[in-house]
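Structure file structure.pdb; described as PDB, C-alpha atoms and all ligand atoms.
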```pdb
ATOM      1  CA  MET A  18      -9.164  18.060 -46.908
ATOM      2  CA  TYR A  19     -11.206  14.889 -46.667
ATOM      3  CA  ASN A  20      -8.206  12.880 -45.509
ATOM      4  CA  PHE A  21      -7.359  15.493 -42.958
ATOM      5  CA  TRP A  22     -10.830  15.287 -41.507
ATOM      6  CA  MET A  23     -10.746  11.516 -41.312
ATOM      7  CA  SER A  24      -7.516  11.599 -39.358
ATOM      8  CA  GLU A  25      -9.559  13.027 -36.494
ATOM      9  CA  LYS A  26     -10.872   9.934 -34.773
ATOM     10  CA  ILE A  27     -12.559  11.710 -31.875
ATOM     11  CA  VAL A  28     -14.054  15.183 -32.162
ATOM     12  CA  VAL A  29     -15.659  16.729 -29.097
ATOM     13  CA  ASP A  30     -17.271  20.056 -29.920
ATOM     14  CA  LYS A  31     -18.567  22.459 -27.265
ATOM     15  CA  LEU A  32     -19.805  19.638 -25.050
ATOM     16  CA  THR A  33     -21.912  20.967 -22.183
ATOM     17  CA  LYS A  34     -23.645  18.874 -19.551
ATOM     18  CA  TYR A  35     -26.036  19.887 -16.810
ATOM     19  CA  TYR A  36     -27.042  17.509 -14.025
ATOM     20  CA  GLY A  37     -30.202  19.339 -13.026
ATOM     21  CA  THR A  38     -29.015  22.890 -12.530
ATOM     22  CA  PHE A  39     -25.396  21.861 -11.875
ATOM     23  CA  LYS A  40     -23.134  22.483 -14.845
ATOM     24  CA  ALA A  41     -20.723  19.535 -14.903
ATOM     25  CA  LEU A  42     -19.214  20.341 -18.337
ATOM     26  CA  SER A  43     -18.936  23.694 -20.037
ATOM     27  CA  ASN A  44     -18.022  23.985 -23.736
ATOM     28  CA  VAL A  45     -15.516  21.149 -23.701
ATOM     29  CA  SER A  46     -13.809  20.835 -27.099
ATOM     30  CA  PHE A  47     -10.853  18.758 -28.285
ATOM     31  CA  ASN A  48      -9.832  16.390 -31.081
ATOM     32  CA  VAL A  49      -7.931  13.135 -30.940
ATOM     33  CA  ASN A  50      -6.087  12.097 -34.078
ATOM     34  CA  LYS A  51      -5.493   8.623 -35.425
ATOM     35  CA  GLY A  52      -2.498   6.965 -33.812
ATOM     36  CA  GLU A  53      -2.422   9.393 -30.918
ATOM     37  CA  VAL A  54      -2.506   8.824 -27.175
ATOM     38  CA  PHE A  55      -4.492  11.698 -25.706
ATOM     39  CA  GLY A  56      -4.874  12.279 -21.982
ATOM     40  CA  LEU A  57      -7.716  14.015 -20.198
ATOM     41  CA  ILE A  58      -6.186  14.989 -16.890
ATOM     42  CA  GLY A  59      -7.887  16.561 -13.915
ATOM     43  CA  PRO A  60      -8.716  16.179 -10.235
ATOM     44  CA  ASN A  61     -11.689  14.188  -8.943
ATOM     45  CA  GLY A  62     -14.985  15.768  -9.925
ATOM     46  CA  ALA A  63     -13.480  17.703 -12.847
ATOM     47  CA  GLY A  64     -15.740  16.056 -15.433
ATOM     48  CA  LYS A  65     -13.578  13.316 -16.957
ATOM     49  CA  SER A  66     -16.065  10.470 -16.546
ATOM     50  CA  THR A  67     -18.948  12.678 -17.661
ATOM     51  CA  THR A  68     -17.021  13.437 -20.877
ATOM     52  CA  MET A  69     -16.246   9.775 -21.480
ATOM     53  CA  ARG A  70     -19.737   8.489 -20.708
ATOM     54  CA  SER A  71     -21.136  11.077 -23.106
ATOM     55  CA  MET A  72     -18.964   9.612 -25.848
ATOM     56  CA  LEU A  73     -20.769   6.284 -25.485
ATOM     57  CA  ASN A  74     -24.139   7.977 -25.004
ATOM     58  CA  PHE A  75     -24.546   6.586 -21.495
ATOM     59  CA  ILE A  76     -25.026  10.257 -20.700
ATOM     60  CA  PHE A  77     -26.900  12.559 -23.033
ATOM     61  CA  PRO A  78     -25.134  15.894 -23.671
ATOM     62  CA  SER A  79     -27.098  19.042 -22.874
ATOM     63  CA  LYS A  80     -25.342  20.888 -25.705
ATOM     64  CA  GLY A  81     -22.586  20.220 -28.209
ATOM     65  CA  SER A  82     -21.658  17.183 -30.253
ATOM     66  CA  ILE A  83     -19.283  14.222 -30.268
ATOM     67  CA  THR A  84     -18.094  12.391 -33.371
ATOM     68  CA  ILE A  85     -16.194   9.130 -33.137
ATOM     69  CA  ASN A  86     -14.713   7.655 -36.303
ATOM     70  CA  GLY A  87     -17.092   9.907 -38.227
ATOM     71  CA  LEU A  88     -20.125   8.588 -36.301
ATOM     72  CA  ASP A  89     -22.446  10.781 -34.252
ATOM     73  CA  SER A  90     -22.509   9.803 -30.580
ATOM     74  CA  LYS A  91     -26.283  10.249 -30.235
ATOM     75  CA  LYS A  92     -27.452   8.659 -33.480
ATOM     76  CA  ASP A  93     -24.845   5.938 -33.941
ATOM     77  CA  TYR A  94     -24.077   5.008 -30.352
ATOM     78  CA  LEU A  95     -24.640   1.275 -30.867
ATOM     79  CA  LYS A  96     -22.127   1.185 -33.716
ATOM     80  CA  ILE A  97     -19.710   3.234 -31.631
ATOM     81  CA  ARG A  98     -20.042   0.917 -28.642
ATOM     82  CA  SER A  99     -19.205  -2.175 -30.695
ATOM     83  CA  LEU A 100     -16.378  -0.416 -32.508
ATOM     84  CA  ILE A 101     -14.408   0.895 -29.563
ATOM     85  CA  GLY A 102     -12.898  -0.531 -26.393
ATOM     86  CA  TYR A 103     -14.262   1.223 -23.312
ATOM     87  CA  LEU A 104     -13.224   0.895 -19.708
ATOM     88  CA  PRO A 105     -15.635   2.710 -17.370
ATOM     89  CA  GLY A 106     -14.382   4.646 -14.381
ATOM     90  CA  GLU A 107     -15.693   2.336 -11.714
ATOM     91  CA  PHE A 108     -15.515  -0.970 -13.490
ATOM     92  CA  THR A 109     -17.538  -3.772 -11.897
ATOM     93  CA  THR A 110     -18.076  -7.298 -13.068
ATOM     94  CA  TYR A 111     -20.585  -9.910 -11.937
ATOM     95  CA  GLU A 112     -19.403 -11.287  -8.612
ATOM     96  CA  ASN A 113     -20.447 -14.838  -9.441
ATOM     97  CA  MET A 114     -18.782 -15.006 -12.841
ATOM     98  CA  ASN A 115     -15.164 -15.840 -13.410
ATOM     99  CA  GLY A 116     -13.066 -13.805 -15.838
ATOM    100  CA  GLN A 117     -13.516 -16.200 -18.716
ATOM    101  CA  GLU A 118     -17.297 -16.283 -18.336
ATOM    102  CA  TYR A 119     -17.503 -12.512 -18.026
ATOM    103  CA  LEU A 120     -15.443 -11.884 -21.167
ATOM    104  CA  LYS A 121     -17.476 -14.418 -23.137
ATOM    105  CA  HIS A 122     -20.669 -12.751 -21.964
ATOM    106  CA  ILE A 123     -19.496  -9.244 -22.836
ATOM    107  CA  LEU A 124     -18.342 -10.238 -26.327
ATOM    108  CA  HIS A 125     -21.627 -12.026 -26.926
ATOM    109  CA  LEU A 126     -23.463  -8.789 -26.046
ATOM    110  CA  ARG A 127     -21.223  -6.889 -28.448
ATOM    111  CA  LYS A 128     -21.852  -9.565 -31.102
ATOM    112  CA  ILE A 129     -18.111 -10.052 -31.525
ATOM    113  CA  PRO A 130     -16.540 -13.505 -31.811
ATOM    114  CA  GLN A 131     -14.151 -14.250 -28.977
ATOM    115  CA  ASN A 132     -10.498 -14.600 -29.838
ATOM    116  CA  GLU A 133      -9.698 -16.968 -26.997
ATOM    117  CA  ASN A 134      -5.992 -17.011 -27.651
ATOM    118  CA  TYR A 135      -5.764 -13.252 -27.453
ATOM    119  CA  VAL A 136      -7.778 -13.154 -24.229
ATOM    120  CA  LYS A 137      -5.475 -15.792 -22.718
ATOM    121  CA  LYS A 138      -2.422 -13.865 -23.839
ATOM    122  CA  LEU A 139      -3.680 -10.686 -22.207
ATOM    123  CA  ALA A 140      -4.560 -12.529 -18.986
ATOM    124  CA  LYS A 141      -1.093 -14.024 -18.907
ATOM    125  CA  ARG A 142       0.567 -10.671 -19.383
ATOM    126  CA  PHE A 143      -1.420  -9.217 -16.491
ATOM    127  CA  ASP A 144      -0.932 -12.355 -14.413
ATOM    128  CA  LEU A 145      -4.700 -12.840 -14.016
ATOM    129  CA  ASP A 146      -6.357 -16.171 -13.245
ATOM    130  CA  LEU A 147      -9.418 -16.243 -15.526
ATOM    131  CA  SER A 148     -10.957 -19.186 -13.685
ATOM    132  CA  LYS A 149     -11.443 -17.341 -10.386
ATOM    133  CA  LYS A 150     -14.834 -15.884  -9.563
ATOM    134  CA  ALA A 151     -14.838 -12.087  -9.311
ATOM    135  CA  LYS A 152     -15.956 -12.200  -5.693
ATOM    136  CA  ASN A 153     -12.675 -13.907  -4.832
ATOM    137  CA  LEU A 154     -10.543 -11.358  -6.659
ATOM    138  CA  SER A 155      -8.843  -8.246  -5.281
ATOM    139  CA  LYS A 156      -9.737  -4.799  -6.613
ATOM    140  CA  GLY A 157      -6.611  -4.762  -8.765
ATOM    141  CA  ASN A 158      -7.436  -8.146 -10.284
ATOM    142  CA  LYS A 159     -10.999  -7.052 -11.063
ATOM    143  CA  GLN A 160      -9.568  -3.981 -12.770
ATOM    144  CA  LYS A 161      -7.485  -6.313 -14.952
ATOM    145  CA  ILE A 162     -10.719  -7.951 -16.195
ATOM    146  CA  GLY A 163     -11.927  -4.438 -17.007
ATOM    147  CA  ILE A 164      -8.798  -3.679 -18.979
ATOM    148  CA  ILE A 165      -8.933  -6.998 -20.842
ATOM    149  CA  GLN A 166     -12.600  -6.539 -21.818
ATOM    150  CA  ALA A 167     -11.635  -3.167 -23.354
ATOM    151  CA  PHE A 168      -8.741  -4.617 -25.369
ATOM    152  CA  CYS A 169      -9.906  -8.154 -26.173
ATOM    153  CA  HIS A 170     -11.516  -7.391 -29.541
ATOM    154  CA  ASP A 171      -8.431  -5.505 -30.696
ATOM    155  CA  PRO A 172     -10.367  -2.228 -31.206
ATOM    156  CA  GLU A 173      -9.177   0.685 -33.341
ATOM    157  CA  ILE A 174     -10.207   3.227 -30.704
ATOM    158  CA  LEU A 175      -9.864   2.913 -26.930
ATOM    159  CA  ILE A 176     -11.565   5.069 -24.322
ATOM    160  CA  LEU A 177     -10.140   4.281 -20.898
ATOM    161  CA  ASP A 178     -11.374   6.015 -17.748
ATOM    162  CA  GLU A 179      -8.638   5.980 -15.076
ATOM    163  CA  PRO A 180      -7.431   2.565 -16.279
ATOM    164  CA  THR A 181      -4.578   2.038 -13.852
ATOM    165  CA  SER A 182      -6.553   2.689 -10.663
ATOM    166  CA  GLY A 183      -5.934  -0.207  -8.297
ATOM    167  CA  LEU A 184      -3.087  -1.720 -10.319
ATOM    168  CA  ASP A 185       0.241  -2.296  -8.621
ATOM    169  CA  PRO A 186       3.306  -0.638 -10.223
ATOM    170  CA  LEU A 187       4.407  -3.799 -12.027
ATOM    171  CA  LYS A 188       1.019  -4.192 -13.683
ATOM    172  CA  GLN A 189       0.986  -0.489 -14.494
ATOM    173  CA  GLN A 190       4.115  -1.201 -16.472
ATOM    174  CA  VAL A 191       2.348  -4.051 -18.303
ATOM    175  CA  PHE A 192      -0.479  -1.632 -19.053
ATOM    176  CA  ASP A 193       1.922   1.045 -20.335
ATOM    177  CA  ASP A 194       3.591  -1.474 -22.644
ATOM    178  CA  LEU A 195       0.210  -2.521 -24.006
ATOM    179  CA  ILE A 196      -0.765   1.089 -24.722
ATOM    180  CA  LEU A 197       2.515   1.767 -26.496
ATOM    181  CA  GLU A 198       2.046  -1.372 -28.617
ATOM    182  CA  TYR A 199      -1.416  -0.224 -29.617
ATOM    183  CA  LYS A 200      -0.090   3.206 -30.420
ATOM    184  CA  GLU A 201       2.558   1.630 -32.635
ATOM    185  CA  LYS A 202      -0.200  -0.234 -34.471
ATOM    186  CA  GLY A 203      -1.768   3.148 -35.304
ATOM    187  CA  LYS A 204      -4.675   2.846 -32.869
ATOM    188  CA  THR A 205      -6.241   5.851 -31.195
ATOM    189  CA  ILE A 206      -6.254   6.008 -27.421
ATOM    190  CA  PHE A 207      -8.120   8.396 -25.136
ATOM    191  CA  ILE A 208      -7.251   8.009 -21.497
ATOM    192  CA  SER A 209      -8.187   9.865 -18.316
ATOM    193  CA  SER A 210      -6.309  10.212 -15.060
ATOM    194  CA  HIS A 211      -6.192  12.312 -11.929
ATOM    195  CA  VAL A 212      -2.496  11.557 -11.434
ATOM    196  CA  LEU A 213      -0.218  13.033 -14.024
ATOM    197  CA  PRO A 214       2.886  10.811 -13.656
ATOM    198  CA  GLU A 215       0.744   7.761 -14.357
ATOM    199  CA  VAL A 216      -0.027   8.781 -17.911
ATOM    200  CA  GLU A 217       2.659  11.313 -18.557
ATOM    201  CA  MET A 218       4.992   9.072 -20.490
ATOM    202  CA  LEU A 219       2.141   7.603 -22.543
ATOM    203  CA  CYS A 220       0.448  10.730 -23.812
ATOM    204  CA  ASP A 221       1.355  12.688 -26.915
ATOM    205  CA  ARG A 222      -1.018  15.460 -25.957
ATOM    206  CA  VAL A 223      -3.085  16.227 -22.905
ATOM    207  CA  ALA A 224      -6.013  18.422 -22.035
ATOM    208  CA  ILE A 225      -6.286  19.617 -18.472
ATOM    209  CA  ILE A 226      -9.838  19.798 -17.166
ATOM    210  CA  LYS A 227     -10.982  21.533 -14.010
ATOM    211  CA  ASP A 228     -14.514  22.322 -12.863
ATOM    212  CA  GLY A 229     -15.880  21.108 -16.195
ATOM    213  CA  LYS A 230     -13.699  23.383 -18.301
ATOM    214  CA  ILE A 231     -10.600  22.673 -20.365
ATOM    215  CA  VAL A 232      -7.985  25.006 -18.889
ATOM    216  CA  ALA A 233      -5.090  23.959 -21.108
ATOM    217  CA  GLU A 234      -4.436  21.677 -24.033
ATOM    218  CA  ASN A 235      -1.053  20.977 -25.483
ATOM    219  CA  THR A 236       1.762  18.501 -25.918
ATOM    220  CA  MET A 237       3.080  17.121 -22.668
ATOM    221  CA  SER A 238       6.470  18.804 -22.989
ATOM    222  CA  LYS A 239       4.959  22.187 -23.843
ATOM    223  CA  LEU A 240       2.625  22.083 -20.850
ATOM    224  CA  LYS A 241       5.449  21.343 -18.506
ATOM    225  CA  SER A 242       7.619  24.102 -19.843
ATOM    226  CA  MET A 243       4.735  26.541 -19.444
ATOM    227  CA  ALA A 244       4.243  25.528 -15.842
ATOM    228  CA  MET A 245       6.249  26.581 -12.842
ATOM    229  CA  ASN A 246       9.709  25.024 -12.467
ATOM    230  CA  ARG A 247      10.813  23.973  -9.021
ATOM    231  CA  PHE A 248      14.437  23.543  -7.936
ATOM    232  CA  GLU A 249      15.840  22.158  -4.734
ATOM    233  CA  VAL A 250      19.288  23.515  -3.925
ATOM    234  CA  ILE A 251      21.741  23.098  -1.077
ATOM    235  CA  PHE A 252      24.569  25.649  -1.096
ATOM    236  CA  LYS A 253      28.016  25.308   0.373
ATOM    237  CA  ASN A 254      28.115  29.025   1.117
ATOM    238  CA  GLU A 255      25.683  31.494   2.649
ATOM    239  CA  ILE A 256      23.616  33.088  -0.111
ATOM    240  CA  LYS A 257      22.216  36.590  -0.430
ATOM    241  CA  GLU A 258      18.559  35.630  -0.259
ATOM    242  CA  LYS A 259      17.433  39.008  -1.575
ATOM    243  CA  SER A 260      19.260  38.418  -4.859
ATOM    244  CA  PHE A 261      16.994  35.420  -5.582
ATOM    245  CA  GLY A 262      13.931  37.458  -6.435
ATOM    246  CA  LYS A 263      11.524  38.456  -9.163
ATOM    247  CA  SER A 264      14.246  39.890 -11.391
ATOM    248  CA  ILE A 265      15.548  36.378 -12.074
ATOM    249  CA  GLY A 266      12.073  34.811 -12.320
ATOM    250  CA  VAL A 267      11.825  33.449  -8.775
ATOM    251  CA  LYS A 268       8.202  33.518  -7.638
ATOM    252  CA  ASN A 269       8.591  31.827  -4.323
ATOM    253  CA  VAL A 270      11.347  30.648  -1.964
ATOM    254  CA  ASN A 271      11.030  28.106   0.838
ATOM    255  CA  LYS A 272      13.779  27.059   3.177
ATOM    256  CA  SER A 273      13.843  23.909   5.259
ATOM    257  CA  GLY A 274      17.083  23.240   7.084
ATOM    258  CA  ASP A 275      19.876  24.038   4.661
ATOM    259  CA  LYS A 276      17.706  23.213   1.655
ATOM    260  CA  TYR A 277      16.249  25.966  -0.522
ATOM    261  CA  ILE A 278      13.220  25.343  -2.718
ATOM    262  CA  PHE A 279      12.817  27.865  -5.523
ATOM    263  CA  ASP A 280       9.770  28.215  -7.774
ATOM    264  CA  VAL A 281      10.808  29.778 -11.040
ATOM    265  CA  GLU A 282       8.423  30.987 -13.709
ATOM    266  CA  GLY A 283       9.246  31.213 -17.399
ATOM    267  CA  ASP A 284      12.830  31.314 -18.644
ATOM    268  CA  VAL A 285      15.145  29.657 -16.109
ATOM    269  CA  ASN A 286      18.461  30.943 -17.500
ATOM    270  CA  LYS A 287      18.855  33.959 -15.224
ATOM    271  CA  PHE A 288      18.080  31.787 -12.231
ATOM    272  CA  ILE A 289      20.625  29.125 -13.211
ATOM    273  CA  LYS A 290      23.238  31.847 -13.753
ATOM    274  CA  LYS A 291      22.593  33.209 -10.276
ATOM    275  CA  ILE A 292      22.902  29.717  -8.813
ATOM    276  CA  THR A 293      26.290  29.187 -10.416
ATOM    277  CA  GLU A 294      27.578  32.416  -8.822
ATOM    278  CA  ASN A 295      27.476  30.416  -5.582
ATOM    279  CA  LYS A 296      29.001  27.138  -4.487
ATOM    280  CA  VAL A 297      26.438  24.386  -4.952
ATOM    281  CA  SER A 298      26.359  21.196  -2.936
ATOM    282  CA  THR A 299      23.248  19.590  -4.515
ATOM    283  CA  PHE A 300      20.903  20.786  -7.245
ATOM    284  CA  LYS A 301      17.689  18.995  -8.125
ATOM    285  CA  SER A 302      14.926  19.850 -10.555
ATOM    286  CA  ILE A 303      11.573  18.775  -9.127
ATOM    287  CA  GLU A 304       8.887  17.769 -11.615
ATOM    288  CA  PRO A 305       5.858  19.978 -11.138
ATOM    289  CA  ASP A 306       2.899  17.929  -9.964
ATOM    290  CA  LEU A 307      -0.538  18.149 -11.454
ATOM    291  CA  GLU A 308      -1.933  20.497  -8.868
ATOM    292  CA  GLU A 309       0.894  22.949  -9.455
ATOM    293  CA  ILE A 310       0.412  22.823 -13.194
ATOM    294  CA  PHE A 311      -3.268  23.618 -12.581
ATOM    295  CA  LEU A 312      -2.416  26.461 -10.290
ATOM    296  CA  SER A 313      -0.009  28.061 -12.684
ATOM    297  CA  PHE A 314      -2.613  27.849 -15.447
ATOM    298  CA  TYR A 315      -5.308  29.315 -13.264
ATOM    299  CA  LYS A 316      -3.110  32.217 -12.287
ATOM    300  CA  LYS A 317      -2.288  32.852 -15.949
ATOM    301  CA  ARG A 318      -5.962  32.741 -16.900
ATOM    302  CA  LYS A 319      -6.895  35.199 -14.194
ATOM    303  CA  ARG A 320      -4.120  37.581 -15.168
ATOM    304  CA  ASN A 321      -5.095  37.437 -18.817
ATOM    305  CA  ALA A 322      -8.796  37.813 -18.105
TER     306      ALA A 322
HETATM  307  P1  LIG B   1     -14.369  12.990 -12.700
HETATM  308  O1  LIG B   1     -14.593  11.761 -13.497
HETATM  309  O2  LIG B   1     -13.430  13.962 -13.336
HETATM  310  O3  LIG B   1     -13.971  12.695 -11.291
HETATM  311  P2  LIG B   1     -17.241  13.315 -13.009
HETATM  312  O4  LIG B   1     -17.433  13.475 -14.467
HETATM  313  O5  LIG B   1     -17.545  11.985 -12.420
HETATM  314  O6  LIG B   1     -15.762  13.781 -12.617
HETATM  315  O7  LIG B   1     -18.129  14.386 -12.240
HETATM  316  C1  LIG B   1     -18.126  15.761 -12.597
HETATM  317  C2  LIG B   1     -19.064  16.501 -11.675
HETATM  318  O8  LIG B   1     -20.411  16.112 -11.931
HETATM  319  C3  LIG B   1     -18.828  16.233 -10.200
HETATM  320  O9  LIG B   1     -19.045  17.413  -9.485
HETATM  321  C4  LIG B   1     -19.854  15.182  -9.860
HETATM  322  O10 LIG B   1     -20.221  15.251  -8.508
HETATM  323  C5  LIG B   1     -20.998  15.564 -10.765
HETATM  324  N1  LIG B   1     -21.821  14.398 -11.179
HETATM  325  C6  LIG B   1     -21.352  13.301 -11.815
HETATM  326  N2  LIG B   1     -22.361  12.438 -12.092
HETATM  327  C7  LIG B   1     -23.489  13.012 -11.608
HETATM  328  C8  LIG B   1     -24.873  12.632 -11.589
HETATM  329  N3  LIG B   1     -25.287  11.477 -12.119
HETATM  330  N4  LIG B   1     -25.742  13.480 -11.010
HETATM  331  C9  LIG B   1     -25.339  14.658 -10.495
HETATM  332  N5  LIG B   1     -24.060  15.093 -10.486
HETATM  333  C10 LIG B   1     -23.135  14.285 -11.043
HETATM  334 MG    MG B   2     -14.217   9.782 -12.991
END
```

Give the structure from this file in structure tokens form.
Ligand code: ADP
Ligand code: MG
Amino acid sequence: MYNFWMSEKIVVDKLTKYYGTFKALSNVSFNVNKGEVFGLIGPNGAGKSTTMRSMLNFIFPSKGSITINGLDSKKDYLKIRSLIGYLPGEFTTYENMNGQEYLKHILHLRKIPQNENYVKKLAKRFDLDLSKKAKNLSKGNKQKIGIIQAFCHDPEILILDEPTSGLDPLKQQVFDDLILEYKEKGKTIFISSHVLPEVEMLCDRVAIIKDGKIVAENTMSKLKSMAMNRFEVIFKNEIKEKSFGKSIGVKNVNKSGDKYIFDVEGDVNKFIKKITENKVSTFKSIEPDLEEIFLSFYKKRKRNA
């Protein structure tokens, strides 16, 4: 029992936050286990940063509790801050410091000795010049300093708020590799994003947040299978449009030129069978995007309410 409990590195329990009278978070609960990459996914303004800042006690929860590595976020926030690696949502550094100076400064504040070799290694991987002052760096390069300051003390737990914002695709790949390495080492990683494909391949589980509420929480593959499936089909023959209806799970049909776009809910077998009764020229499965996953969850919630 004890061991089971300790495997939960992050426990957020009924977290509620009011900014004045505005309720930014409402009963947010989830756990992140040791060795897991957990994604908090949601559109801008959903409450991701508020959740993450609360974990470090930069924001004081109105209700609920957060435990990180067994430590209480309100009482033990200083210990938590030195233990974890945190990348804030809008990372800024001091314009007049170069990367090296900034990292030295930040580690000094955290009372952690600098592992210069590791910092250099990380900078090299991200192709960042540590001797350039921040004011002469692009947004993407500043973000790299932010990422390095979160990783440079080799923390057991990482809390990363939209870490890849501003990074070009090649550096996103470097970031993904780094996350997967940390995961392999058994570290615990909590990551937020407003773009699903960015974190999709990294996350073991995700929670979807909208308007301060968790609307779904599951493994990545389960969430996708629960969401709407979209297929793009071009037929060689004329089809009987009426036969592609509710009875085979089709919720919606759009036609542009000779291309049909079908939205199919639930089991796709009847739909596929119907497709094969025709002559198909091209058939593509389109990954549902985040907004569509939200929508299908909202519709389900309303129906079940
Ligand atoms: P996300 O990170 O998902 O984009 P945030 O956690 O930053 O969302 O914000 C959640 C909601 O709380 C938004 O509606 C935002 O406008 C509001 N909010 C965030 N910070 C403050 C604040 N300091 N004062 C008042 N409202 C805030
Ligand atoms: Mg944010």

Closest pair table for chain A residues within 6 Å of ligand LIG 1 (chain B), all atoms listed in the file, as a Markdown table:
```
| residue | atom | partner | partner_atom | distance |
| --- | --- | --- | --- | --- |
| A:Tyr36 | CA | B:LIG1 | C9 | 4.8 |
| A:Ala41 | CA | B:LIG1 | O8 | 4.5 |
| A:Asn61 | CA | B:LIG1 | O3 | 3.6 |
| A:Gly62 | CA | B:LIG1 | O6 | 3.4 |
| A:Ala63 | CA | B:LIG1 | O2 | 3.8 |
| A:Gly64 | CA | B:LIG1 | O4 | 3.2 |
| A:Lys65 | CA | B:LIG1 | O2 | 3.7 |
| A:Ser66 | CA | B:LIG1 | O1 | 3.6 |
| A:Thr67 | CA | B:LIG1 | O4 | 3.6 |
```

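When all atoms listed in the file are used to measure the gap to ligand MG 2 (chain B), the shortest distance among A:Leu42, A:Met69, A:Leu95, A:Leu240 belongs to A:Met69.
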
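This file gives the following result for the PyMOL selection byres (((chain A and resi 203) around 12) and not hetatm): Ser24, Lys26, Asn50, Lys51, Gly52, Glu53, Val54, Asp171, Pro172, Glu173, Ile174, Leu175, Ile196, Leu197, Glu198, Tyr199, Lys200, Glu201, Lys202, Lys204, Thr205 and Ile206 of chain A.
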
Could you spell out the hits of the PyMOL selection byres (((chain A and resi 185) around 12) and not hetatm) on the shown file, as a PDB file with C-alpha atoms, keeping the file's coordinate frame?
```pdb
ATOM      1  CA  PHE A 143      -1.420  -9.217 -16.491  1.00  0.00           C
ATOM      2  CA  ASP A 144      -0.932 -12.355 -14.413  1.00  0.00           C
ATOM      3  CA  SER A 155      -8.843  -8.246  -5.281  1.00  0.00           C
ATOM      4  CA  LYS A 156      -9.737  -4.799  -6.613  1.00  0.00           C
ATOM      5  CA  GLY A 157      -6.611  -4.762  -8.765  1.00  0.00           C
ATOM      6  CA  ASN A 158      -7.436  -8.146 -10.284  1.00  0.00           C
ATOM      7  CA  GLN A 160      -9.568  -3.981 -12.770  1.00  0.00           C
ATOM      8  CA  LYS A 161      -7.485  -6.313 -14.952  1.00  0.00           C
ATOM      9  CA  PRO A 180      -7.431   2.565 -16.279  1.00  0.00           C
ATOM     10  CA  THR A 181      -4.578   2.038 -13.852  1.00  0.00           C
ATOM     11  CA  SER A 182      -6.553   2.689 -10.663  1.00  0.00           C
ATOM     12  CA  GLY A 183      -5.934  -0.207  -8.297  1.00  0.00           C
ATOM     13  CA  LEU A 184      -3.087  -1.720 -10.319  1.00  0.00           C
ATOM     14  CA  PRO A 186       3.306  -0.638 -10.223  1.00  0.00           C
ATOM     15  CA  LEU A 187       4.407  -3.799 -12.027  1.00  0.00           C
ATOM     16  CA  LYS A 188       1.019  -4.192 -13.683  1.00  0.00           C
ATOM     17  CA  GLN A 189       0.986  -0.489 -14.494  1.00  0.00           C
ATOM     18  CA  GLN A 190       4.115  -1.201 -16.472  1.00  0.00           C
ATOM     19  CA  VAL A 191       2.348  -4.051 -18.303  1.00  0.00           C
ATOM     20  CA  PHE A 192      -0.479  -1.632 -19.053  1.00  0.00           C
ATOM     21  CA  GLU A 215       0.744   7.761 -14.357  1.00  0.00           C
TER      22      GLU A 215
END
```

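Atom to atom, atom CA of A:Asp221 and atom CA of A:Val28 stand 16.5 Å apart.
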
Extract, using only C-alpha atoms, all DNA, RNA and protein residues at most 10 Å from A:Leu154, discarding same-chain residues fewer than 3 positions from it, and format them as number ranges by chain.
-> A: 112, 115-116, 145-146, 149-151, 157-160

Would you save the residues from that selection as an mmCIF file, in the coordinates of the input, using C-alpha atoms?
```cif
data_model
loop_
_atom_site.group_PDB
_atom_site.id
_atom_site.type_symbol
_atom_site.label_atom_id
_atom_site.label_comp_id
_atom_site.auth_asym_id
_atom_site.auth_seq_id
_atom_site.Cartn_x
_atom_site.Cartn_y
_atom_site.Cartn_z
ATOM 1 C CA GLU A 112 -19.403 -11.287 -8.612
ATOM 2 C CA ASN A 115 -15.164 -15.840 -13.410
ATOM 3 C CA GLY A 116 -13.066 -13.805 -15.838
ATOM 4 C CA LEU A 145 -4.700 -12.840 -14.016
ATOM 5 C CA ASP A 146 -6.357 -16.171 -13.245
ATOM 6 C CA LYS A 149 -11.443 -17.341 -10.386
ATOM 7 C CA LYS A 150 -14.834 -15.884 -9.563
ATOM 8 C CA ALA A 151 -14.838 -12.087 -9.311
ATOM 9 C CA GLY A 157 -6.611 -4.762 -8.765
ATOM 10 C CA ASN A 158 -7.436 -8.146 -10.284
ATOM 11 C CA LYS A 159 -10.999 -7.052 -11.063
ATOM 12 C CA GLN A 160 -9.568 -3.981 -12.770
#
```

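Of the listed residues A:Glu107, A:Glu25, A:Asp89, A:Asp30, the one whose atoms come nearest to ligand MG 2 (chain B) is A:Glu107, with distances taken using only C-alpha atoms and all ligand atoms.
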